Protein chains: 2
Amino acid sequence: MTPVTETLDDLVAAGGLDRLRAWLEEQGALDIADELVRLEAEQRAVPFRLLPKDRALAVFEALDPLHQRELLDALAHVDADELFAGLDADDRARLIDEMPAKVARRLLDGLSETARTNTNRLLGYADESAGRMMSPRFVSLRASMSASDALAKVRRAELRPREVLVLPVTDDQRRLVGAVDLPDLVTAAPATSVSELLQAEKYEVRVDEDQEVAARLMQEADLVALPVVDTEDRLVGVLTVDDAMEIIEEEETEDISRAGGVEPLGMPYLEASVLLLARKRAVWLLLLGVAAVATVTVIGGFEDRIEEVSTLALFIPLLIDTGGNSGSQAATVVIRAMAVGELRFRDIPRMLRKEFTVGVLLGLMLSALAFGPVTLFFGPAFATVISLTLFFICIWATFAGGFLPPLAKRIGVDPAVFSAPVITTLVDATGLLLYFGIAVTVLGI
Amino acid sequence: MTPVTETLDDLVAAGGLDRLRAWLEEQGALDIADELVRLEAEQRAVPFRLLPKDRALAVFEALDPLHQRELLDALAHVDADELFAGLDADDRARLIDEMPAKVARRLLDGLSETARTNTNRLLGYADESAGRMMSPRFVSLRASMSASDALAKVRRAELRPREVLVLPVTDDQRRLVGAVDLPDLVTAAPATSVSELLQAEKYEVRVDEDQEVAARLMQEADLVALPVVDTEDRLVGVLTVDDAMEIIEEEETEDISRAGGVEPLGMPYLEASVLLLARKRAVWLLLLGVAAVATVTVIGGFEDRIEEVSTLALFIPLLIDTGGNSGSQAATVVIRAMAVGELRFRDIPRMLRKEFTVGVLLGLMLSALAFGPVTLFFGPAFATVISLTLFFICIWATFAGGFLPPLAKRIGVDPAVFSAPVITTLVDATGLLLYFGIAVTVLGI
């Protein structure tokens, strides 16, 4: 993690292979991967080929599927085949998604029989399911085995370290009985039976379960690996913690993007073309624009009054901004509480009572603070209109920010979609109706 | 994960201990913890006491520090001491933060000498540092040891499974040399030297490093454990993957909250009082409200023109909403790319060029779409004003959404703060200036 003085960019431009090689030796695999993606796609093959074999695989694994695909394109067939075969089956499956069908076929053909079967099996599960993300390579034990026999089986299997940290235990029907931590197996007396070493709780996830549910379970229960079973409770794979972390990052990106009114890019920012960036925002921007047409209609209905009292126009942005902000504050808090599992359906009435009270408090605060200054400049009658509107807009927006996310979830929409921009737009027109209604009543216009 | 038919709530209200015990036996530790926090604080001790000892600790570990503290309060001293001693040192340190000093002192006194020293050491590191989150219990190996000696040392240490998945290797000055995966130690021939089994890359983090930097490194490099070293590169602890996942969730909650204009609650939603909920939003709401006063001033400056052409007032919300939305879209994407490390300082010029072009594209789309309908209702001159304003607001807001987050980071503010609400408020007044400026020029008023 030393600071980068020379960048890979400069070195590739300079063209000296010796300095390039020296630089590669000094850097960690993650740093090399980071620098590599900052080069133009066609320049990446040269520094990559200078890496020794084992480091090349480490760098390749640190890239995301899109960059992996680009690099495979740039390498000769034989290099590409070797890299592809070196990946975990689940990483291979994700990379295949990025590939044109013809290239995917060729790469799959280059695999060994077992590797190909494993990869194809994963490709059969739905995108974003636990099955798609799991590793099909694992060592399963029997409850009746001794610890020493179990360890011997682990040794014979020749799997990667992260694939044997937790060992699922099955019965003679291949049904999951529980799991054993490798350290418990190592520290147990050799004759101890596996059944005595089982984890206190049995955790499992169905192969068709949403990947986020699986990852959140691992996070909450502090699991390093989670057995994945089919509909008949038969063990089919193991989800490892590195996959769980990747899933959580992916889902957070989705939530954060939608909350900001953008569809997730699905690729690194710097790789995304301007057209893609614009497309991911255009639909939302249009929808919100169309929704904002309601505000034109509302103000249009009160145009005569505005002509009479033009001061009314002055407070339009302040009032709708306050509504939008308090609504999106409430929505943000509620959506997050739902995402991490703190709020369930039966907690909704309690949550709504809370949000209503919060709205009353914030409304009281804002209207009290606004009354003095507005009286000073525009007189007490106008100040009454502004304070009353702030009070009711705050309550209404906070309450709407509370009930819209669970409503969205009920009708099968991602609650994150119902955040800042949507609530702003929804609260705008209704807030203006409130404003003009109160103004007409109080000012008698 | 079977659906809950009877809730713990109902069972506690009914009061039958046998049915309560039967229910507890059927549920997993996570489900029990989930149900427990839905009870009133003083009701939680009864079902908790019915749990067998090992399950009680599992349930207790699944609770967050706030709920742990409440439960300790409700239990008798002797139960509390035992639970407290059963926790990992890092979890104990976090729990201590929640305790009144007197209670914390009493609980610490109840610990064994080693456990107390370990906990106190962690409490000496800054909040949100790697040191505060690490485990001070680990088995360190020497490079010259044989695999069988190393395994013997692991067996003697009697640590928890998750504390020995990765074993740091040090020299005779206690300086970190690298790390070995337990599975590699298990599968190696007994005489193999530890130096041959070292992980290909050496990863480490400084004890005073930000916890998020450490967690992101573990996520990117797929690490199950990360050695933590002091300023002299001496090994002081190990950060485990369950802690990394917790850190990432905490940081994501912070980012999402700030993006929505709320300070993070720091506790579960249902536990937070109405006053706390309101307080976490009040400051932001006030700041944004004060900023919105600029819009009152801008419109005030053009009040005569609005009196003349009252149609001008109609489009105020539509235009400022479009600015707010396109600005927060850009900010959301840029902030996320910065958070996951895709965007660095030297990528900023490239990013700004991209955002500018995206703004032009979106501006062109919106102004083209608006021109027809507005002409139909308000004539071509007014449609020209709206289309031109949409075009320039879109470019300006998208560009501002791109440059404000890096600017925030440069001056040491969380970039997430510069998201939807702040950008909306900033773009509002400038957008209105644009609008009235264009209107005055085009309409000649």
# chains A, B, ... in the order shown; residues from 1 in each chain; ligands from 1
>>> residues_around(residues="segment 75-88 of chain B", least_positions_apart="4", cutoff="10 Å", atoms="only C-alpha atoms", output="MDAnalysis selection string")
chainID B and resid 42 44:46 48:49 53:54 56:58 60:61 68:71 92:93 95:96 106:112 115:116 118:119 134:137 160 163
>>> write_last_selection(atoms="C-alpha atoms", output="PDB file, in the first residue's frame")
ATOM      1  CA  GLU B  42     -38.258  -5.317  30.704  1.00  0.00           C
ATOM      2  CA  ARG B  44     -36.910  -9.734  27.502  1.00  0.00           C
ATOM      3  CA  ALA B  45     -35.234 -11.361  30.523  1.00  0.00           C
ATOM      4  CA  VAL B  46     -37.830 -14.124  30.985  1.00  0.00           C
ATOM      5  CA  PHE B  48     -33.854 -15.244  27.540  1.00  0.00           C
ATOM      6  CA  ARG B  49     -33.383 -17.099  30.853  1.00  0.00           C
ATOM      7  CA  LYS B  53     -26.340 -21.604  28.045  1.00  0.00           C
ATOM      8  CA  ASP B  54     -24.701 -22.008  24.635  1.00  0.00           C
ATOM      9  CA  ALA B  56     -28.136 -17.892  25.112  1.00  0.00           C
ATOM     10  CA  LEU B  57     -24.671 -16.687  24.092  1.00  0.00           C
ATOM     11  CA  ALA B  58     -25.482 -17.165  20.381  1.00  0.00           C
ATOM     12  CA  PHE B  60     -26.816 -12.471  22.780  1.00  0.00           C
ATOM     13  CA  GLU B  61     -24.137 -12.153  20.088  1.00  0.00           C
ATOM     14  CA  GLN B  68     -27.167  -6.174  24.628  1.00  0.00           C
ATOM     15  CA  ARG B  69     -26.881  -3.365  27.151  1.00  0.00           C
ATOM     16  CA  GLU B  70     -30.617  -3.326  27.796  1.00  0.00           C
ATOM     17  CA  LEU B  71     -30.630  -7.067  28.314  1.00  0.00           C
ATOM     18  CA  ARG B  92     -16.996  -6.265  24.533  1.00  0.00           C
ATOM     19  CA  ALA B  93     -15.236  -2.996  23.665  1.00  0.00           C
ATOM     20  CA  LEU B  95     -20.663  -2.838  24.259  1.00  0.00           C
ATOM     21  CA  ILE B  96     -18.690  -0.827  26.821  1.00  0.00           C
ATOM     22  CA  ARG B 106     -18.316  -3.320  37.325  1.00  0.00           C
ATOM     23  CA  LEU B 107     -18.544  -5.560  34.235  1.00  0.00           C
ATOM     24  CA  LEU B 108     -14.845  -5.157  33.432  1.00  0.00           C
ATOM     25  CA  ASP B 109     -13.963  -6.057  37.040  1.00  0.00           C
ATOM     26  CA  GLY B 110     -15.874  -9.314  36.647  1.00  0.00           C
ATOM     27  CA  LEU B 111     -13.578 -10.431  33.805  1.00  0.00           C
ATOM     28  CA  SER B 112     -10.509 -12.622  34.024  1.00  0.00           C
ATOM     29  CA  ALA B 115      -9.876 -10.763  29.112  1.00  0.00           C
ATOM     30  CA  ARG B 116      -9.792  -7.422  30.941  1.00  0.00           C
ATOM     31  CA  ASN B 118      -7.502  -7.383  26.001  1.00  0.00           C
ATOM     32  CA  THR B 119     -10.655  -5.315  26.248  1.00  0.00           C
ATOM     33  CA  MET B 134      -9.719  -6.078  15.576  1.00  0.00           C
ATOM     34  CA  SER B 135      -9.468  -9.158  17.722  1.00  0.00           C
ATOM     35  CA  PRO B 136      -6.409  -9.118  20.018  1.00  0.00           C
ATOM     36  CA  ARG B 137      -6.532 -12.919  20.233  1.00  0.00           C
ATOM     37  CA  ARG B 160     -12.621 -19.605  18.551  1.00  0.00           C
ATOM     38  CA  GLU B 163      -9.860 -16.547  15.104  1.00  0.00           C
TER      39      GLU B 163
END
>>> select_by_dssp(residues="segment 105-328 of chain A", states="alpha helix (DSSP H)", output="PyMOL selection string")
chain A and resi 105-109+113-123+130-133+147-157+182-187+194-197+211-220+241-259+274-301+303-308+311-314+316-328
>>> residues_around(residues="segment 266-280 of chain B", least_positions_apart="5", cutoff="7 Å", atoms="only C-alpha atoms", output="ChimeraX atom specification")
/A:337,342,354,357-358,361-362
>>> write_last_selection(atoms="N, CA and C atoms", output="PDB file, in the first residue's frame")
ATOM      1  N   ALA A 337     -34.035   1.077   7.207  1.00  0.00           N
ATOM      2  CA  ALA A 337     -34.457   0.166   8.269  1.00  0.00           C
ATOM      3  C   ALA A 337     -35.089  -1.094   7.671  1.00  0.00           C
ATOM      4  N   GLU A 342     -34.654  -4.269  10.056  1.00  0.00           N
ATOM      5  CA  GLU A 342     -35.117  -3.774  11.352  1.00  0.00           C
ATOM      6  C   GLU A 342     -36.617  -3.534  11.367  1.00  0.00           C
ATOM      7  N   LYS A 354     -44.841   7.013  14.704  1.00  0.00           N
ATOM      8  CA  LYS A 354     -43.599   7.745  14.979  1.00  0.00           C
ATOM      9  C   LYS A 354     -43.360   8.844  13.958  1.00  0.00           C
ATOM     10  N   THR A 357     -45.560  11.839  14.401  1.00  0.00           N
ATOM     11  CA  THR A 357     -45.140  12.703  15.504  1.00  0.00           C
ATOM     12  C   THR A 357     -43.880  13.497  15.145  1.00  0.00           C
ATOM     13  N   VAL A 358     -42.936  12.827  14.465  1.00  0.00           N
ATOM     14  CA  VAL A 358     -41.738  13.532  14.030  1.00  0.00           C
ATOM     15  C   VAL A 358     -42.123  14.690  13.113  1.00  0.00           C
ATOM     16  N   LEU A 361     -43.423  17.590  15.154  1.00  0.00           N
ATOM     17  CA  LEU A 361     -42.331  18.305  15.829  1.00  0.00           C
ATOM     18  C   LEU A 361     -41.559  19.206  14.868  1.00  0.00           C
ATOM     19  N   LEU A 362     -41.166  18.631  13.722  1.00  0.00           N
ATOM     20  CA  LEU A 362     -40.384  19.413  12.760  1.00  0.00           C
ATOM     21  C   LEU A 362     -41.225  20.546  12.194  1.00  0.00           C
TER      22      LEU A 362
END
>>> atom_distance(atom1="atom CA of Leu432 of chain B", atom2="atom CA of Ala330 of chain B")
19.9 Å
>>> atom_distance(atom1="atom CA of Ile256 of chain A", atom2="atom CA of Ile248 of chain B")
14.0 Å
>>> atom_distance(atom1="atom CA of Val333 of chain B", atom2="atom CA of Ser257 of chain B")
15.7 Å
>>> select_by_dssp(residues="segment 168-212 of chain A", states="strand (DSSP E or B)", output="list in words")
Pro168, Val169, Thr170, Arg175, Leu176, Val177, Gly178, Ala179, Val180, Asp181, Ser193, Val205, Arg206 and Asp210 of chain A
>>> residues_around(residues="Phe392 of chain A", least_positions_apart="2", cutoff="12 Å", atoms="only C-alpha atoms", output="number ranges by chain")
A: 319-320, 322-323, 326, 356, 359-367, 385-390, 394-399, 427, 430-435, 437-438
>>> closest_residue(among="B:Glu220, B:Glu251, B:Glu98, B:Asp31", to="chain A", atoms="only C-alpha atoms")
B:Glu220
>>> closest_residue(among="B:Val262, B:Leu167, B:Met99, B:Leu8", to="Gln27 of chain B", atoms="only C-alpha atoms")
B:Leu8
>>> residues_around(residues="Gly237 of chain A", least_positions_apart="6", cutoff="12 Å", atoms="only C-alpha atoms", output="JSON, numbers by chain")
{"A": [89, 90, 118, 121, 122, 130, 131, 132, 133, 134, 135, 136, 137, 138, 139, 140, 163, 164, 166, 167, 168, 169, 174, 175, 176, 204, 205, 206, 207, 225, 226, 227, 228, 229, 230]}
>>> residues_around(residues="Ala22 of chain B", least_positions_apart="5", cutoff="12 Å", atoms="only C-alpha atoms", output="list in words")
Glu6, Leu8, Leu11, Gly16, Leu17, Gln27, Pro47, Leu50 and Leu51 of chain B
>>> residues_around(residues="Trp284 of chain B", least_positions_apart="6", cutoff="9 Å", atoms="only C-alpha atoms", output="compact mmCIF listing (two decimals) with N, CA and C atoms, in the first residue's frame")
# COMPACT_ATOMS: atom_id res chain seq x y z
N ASN A 325 -37.61 17.84 1.11
CA ASN A 325 -36.53 17.44 2.02
C ASN A 325 -37.05 16.61 3.19
N GLY B 261 -30.11 13.45 3.53
CA GLY B 261 -30.21 14.62 4.40
C GLY B 261 -30.56 14.29 5.84
N VAL B 262 -30.11 13.15 6.33
CA VAL B 262 -30.35 12.75 7.72
C VAL B 262 -29.02 12.33 8.33
N GLU B 263 -28.80 12.67 9.59
CA GLU B 263 -27.64 12.10 10.27
C GLU B 263 -27.97 10.66 10.65
N PRO B 421 -30.50 16.60 -1.30
CA PRO B 421 -31.09 17.82 -0.77
C PRO B 421 -30.20 19.06 -0.93
>>> decode(residues="segment 118-252 of chain B", atoms="C-alpha atoms", output="JSON list (two decimals), in the first residue's frame")
[["chain", "number", "residue", "atom", "x", "y", "z"],
["B", 118, "ASN", "CA", -7.50, -7.38, 26.00],
["B", 119, "THR", "CA", -10.65, -5.32, 26.25],
["B", 120, "ASN", "CA", -8.88, -2.33, 27.75],
["B", 121, "ARG", "CA", -6.26, -2.38, 25.03],
["B", 122, "LEU", "CA", -8.95, -2.13, 22.33],
["B", 123, "LEU", "CA", -10.65, 0.70, 24.21],
["B", 124, "GLY", "CA", -7.40, 2.66, 23.85],
["B", 125, "TYR", "CA", -7.77, 2.91, 20.06],
["B", 126, "ALA", "CA", -9.82, 5.61, 18.37],
["B", 127, "ASP", "CA", -13.44, 4.95, 17.49],
["B", 128, "GLU", "CA", -13.82, 3.72, 13.87],
["B", 129, "SER", "CA", -10.14, 2.69, 13.69],
["B", 130, "ALA", "CA", -8.98, -0.79, 12.65],
["B", 131, "GLY", "CA", -7.55, -1.21, 16.18],
["B", 132, "ARG", "CA", -10.93, -0.78, 17.82],
["B", 133, "MET", "CA", -12.52, -3.48, 15.63],
["B", 134, "MET", "CA", -9.72, -6.08, 15.58],
["B", 135, "SER", "CA", -9.47, -9.16, 17.72],
["B", 136, "PRO", "CA", -6.41, -9.12, 20.02],
["B", 137, "ARG", "CA", -6.53, -12.92, 20.23],
["B", 138, "PHE", "CA", -4.63, -14.74, 17.47],
["B", 139, "VAL", "CA", -2.06, -17.47, 16.92],
["B", 140, "SER", "CA", 1.10, -16.18, 15.29],
["B", 141, "LEU", "CA", 3.55, -18.54, 13.60],
["B", 142, "ARG", "CA", 7.24, -18.31, 12.70],
["B", 143, "ALA", "CA", 8.41, -18.80, 9.11],
["B", 144, "SER", "CA", 10.84, -21.51, 10.20],
["B", 145, "MET", "CA", 8.23, -23.70, 11.93],
["B", 146, "SER", "CA", 7.09, -26.95, 10.36],
["B", 147, "ALA", "CA", 3.43, -27.35, 9.43],
["B", 148, "SER", "CA", 2.92, -29.94, 12.17],
["B", 149, "ASP", "CA", 4.43, -27.69, 14.86],
["B", 150, "ALA", "CA", 2.23, -24.87, 13.61],
["B", 151, "LEU", "CA", -0.87, -27.07, 13.85],
["B", 152, "ALA", "CA", 0.12, -28.08, 17.36],
["B", 153, "LYS", "CA", 0.32, -24.41, 18.32],
["B", 154, "VAL", "CA", -3.16, -23.80, 16.87],
["B", 155, "ARG", "CA", -4.52, -26.71, 18.94],
["B", 156, "ARG", "CA", -2.94, -25.45, 22.18],
["B", 157, "ALA", "CA", -4.27, -21.91, 21.73],
["B", 158, "GLU", "CA", -7.92, -22.88, 22.25],
["B", 159, "LEU", "CA", -9.29, -19.91, 20.33],
["B", 160, "ARG", "CA", -12.62, -19.61, 18.55],
["B", 161, "PRO", "CA", -12.83, -21.10, 15.04],
["B", 162, "ARG", "CA", -13.04, -17.70, 13.34],
["B", 163, "GLU", "CA", -9.86, -16.55, 15.10],
["B", 164, "VAL", "CA", -7.62, -19.20, 13.51],
["B", 165, "LEU", "CA", -8.83, -19.33, 9.89],
["B", 166, "VAL", "CA", -5.80, -17.29, 8.89],
["B", 167, "LEU", "CA", -2.57, -17.38, 10.88],
["B", 168, "PRO", "CA", -0.21, -14.40, 10.79],
["B", 169, "VAL", "CA", 3.52, -15.16, 10.55],
["B", 170, "THR", "CA", 6.05, -12.93, 12.37],
["B", 171, "ASP", "CA", 9.84, -12.68, 12.69],
["B", 172, "ASP", "CA", 11.69, -12.66, 16.03],
["B", 173, "GLN", "CA", 10.96, -8.92, 16.44],
["B", 174, "ARG", "CA", 7.22, -9.66, 16.23],
["B", 175, "ARG", "CA", 7.17, -7.91, 12.83],
["B", 176, "LEU", "CA", 4.66, -9.24, 10.31],
["B", 177, "VAL", "CA", 6.13, -11.44, 7.58],
["B", 178, "GLY", "CA", 2.91, -12.67, 6.00],
["B", 179, "ALA", "CA", 0.04, -15.05, 6.72],
["B", 180, "VAL", "CA", -0.89, -18.68, 6.21],
["B", 181, "ASP", "CA", -4.36, -20.09, 5.50],
["B", 182, "LEU", "CA", -5.30, -22.80, 8.00],
["B", 183, "PRO", "CA", -6.46, -25.13, 5.17],
["B", 184, "ASP", "CA", -3.01, -24.90, 3.57],
["B", 185, "LEU", "CA", -1.46, -25.87, 6.89],
["B", 186, "VAL", "CA", -3.86, -28.81, 7.21],
["B", 187, "THR", "CA", -3.25, -30.14, 3.71],
["B", 188, "ALA", "CA", 0.54, -29.67, 3.70],
["B", 189, "ALA", "CA", 2.95, -32.50, 4.45],
["B", 190, "PRO", "CA", 3.81, -32.34, 8.21],
["B", 191, "ALA", "CA", 7.46, -31.38, 7.60],
["B", 192, "THR", "CA", 6.71, -28.52, 5.18],
["B", 193, "SER", "CA", 8.04, -25.22, 6.47],
["B", 194, "VAL", "CA", 5.57, -22.42, 7.14],
["B", 195, "SER", "CA", 7.63, -20.13, 4.87],
["B", 196, "GLU", "CA", 6.59, -22.27, 1.89],
["B", 197, "LEU", "CA", 2.91, -21.90, 2.74],
["B", 198, "LEU", "CA", 2.73, -18.11, 2.96],
["B", 199, "GLN", "CA", -0.09, -16.42, 1.05],
["B", 200, "ALA", "CA", 1.11, -15.10, -2.32],
["B", 201, "GLU", "CA", 0.38, -11.47, -1.33],
["B", 202, "LYS", "CA", 1.15, -9.89, 2.04],
["B", 203, "TYR", "CA", -1.81, -7.85, 3.26],
["B", 204, "GLU", "CA", -1.81, -5.76, 6.43],
["B", 205, "VAL", "CA", -3.37, -2.65, 7.86],
["B", 206, "ARG", "CA", -2.11, -0.09, 10.39],
["B", 207, "VAL", "CA", -3.85, -0.08, 13.77],
["B", 208, "ASP", "CA", -4.83, 3.61, 13.40],
["B", 209, "GLU", "CA", -6.17, 3.18, 9.84],
["B", 210, "ASP", "CA", -9.84, 4.01, 9.21],
["B", 211, "GLN", "CA", -11.98, 0.89, 9.70],
["B", 212, "GLU", "CA", -13.64, 1.40, 6.29],
["B", 213, "VAL", "CA", -10.29, 1.33, 4.45],
["B", 214, "ALA", "CA", -9.48, -1.98, 6.17],
["B", 215, "ALA", "CA", -12.89, -3.48, 5.40],
["B", 216, "ARG", "CA", -12.80, -2.42, 1.72],
["B", 217, "LEU", "CA", -9.33, -3.98, 1.38],
["B", 218, "MET", "CA", -10.70, -7.27, 2.76],
["B", 219, "GLN", "CA", -13.64, -7.06, 0.38],
["B", 220, "GLU", "CA", -11.52, -6.37, -2.70],
["B", 221, "ALA", "CA", -8.87, -8.97, -1.93],
["B", 222, "ASP", "CA", -11.41, -11.61, -0.74],
["B", 223, "LEU", "CA", -9.69, -11.92, 2.65],
["B", 224, "VAL", "CA", -11.12, -13.89, 5.57],
["B", 225, "ALA", "CA", -8.81, -12.15, 8.05],
["B", 226, "LEU", "CA", -6.41, -9.21, 7.89],
["B", 227, "PRO", "CA", -3.39, -8.76, 10.22],
["B", 228, "VAL", "CA", -3.27, -5.41, 12.04],
["B", 229, "VAL", "CA", 0.16, -3.89, 12.83],
["B", 230, "ASP", "CA", 1.43, -0.94, 14.87],
["B", 231, "THR", "CA", 3.64, 1.90, 13.63],
["B", 232, "GLU", "CA", 6.71, -0.36, 13.87],
["B", 233, "ASP", "CA", 5.06, -3.05, 11.73],
["B", 234, "ARG", "CA", 4.58, -5.27, 14.82],
["B", 235, "LEU", "CA", 1.55, -7.55, 14.83],
["B", 236, "VAL", "CA", -1.09, -6.41, 17.35],
["B", 237, "GLY", "CA", -4.29, -8.09, 16.22],
["B", 238, "VAL", "CA", -6.38, -9.55, 13.44],
["B", 239, "LEU", "CA", -9.46, -8.12, 11.79],
["B", 240, "THR", "CA", -11.93, -10.90, 10.93],
["B", 241, "VAL", "CA", -14.37, -10.98, 8.06],
["B", 242, "ASP", "CA", -17.48, -10.80, 10.26],
["B", 243, "ASP", "CA", -16.19, -7.48, 11.61],
["B", 244, "ALA", "CA", -15.47, -6.30, 8.05],
["B", 245, "MET", "CA", -19.07, -7.02, 7.03],
["B", 246, "GLU", "CA", -20.36, -5.12, 10.05],
["B", 247, "ILE", "CA", -18.14, -2.14, 9.22],
["B", 248, "ILE", "CA", -19.33, -2.07, 5.64],
["B", 249, "GLU", "CA", -22.99, -2.13, 6.70],
["B", 250, "GLU", "CA", -22.35, 0.68, 9.18],
["B", 251, "GLU", "CA", -20.58, 2.82, 6.56],
["B", 252, "GLU", "CA", -23.26, 2.19, 3.94]]
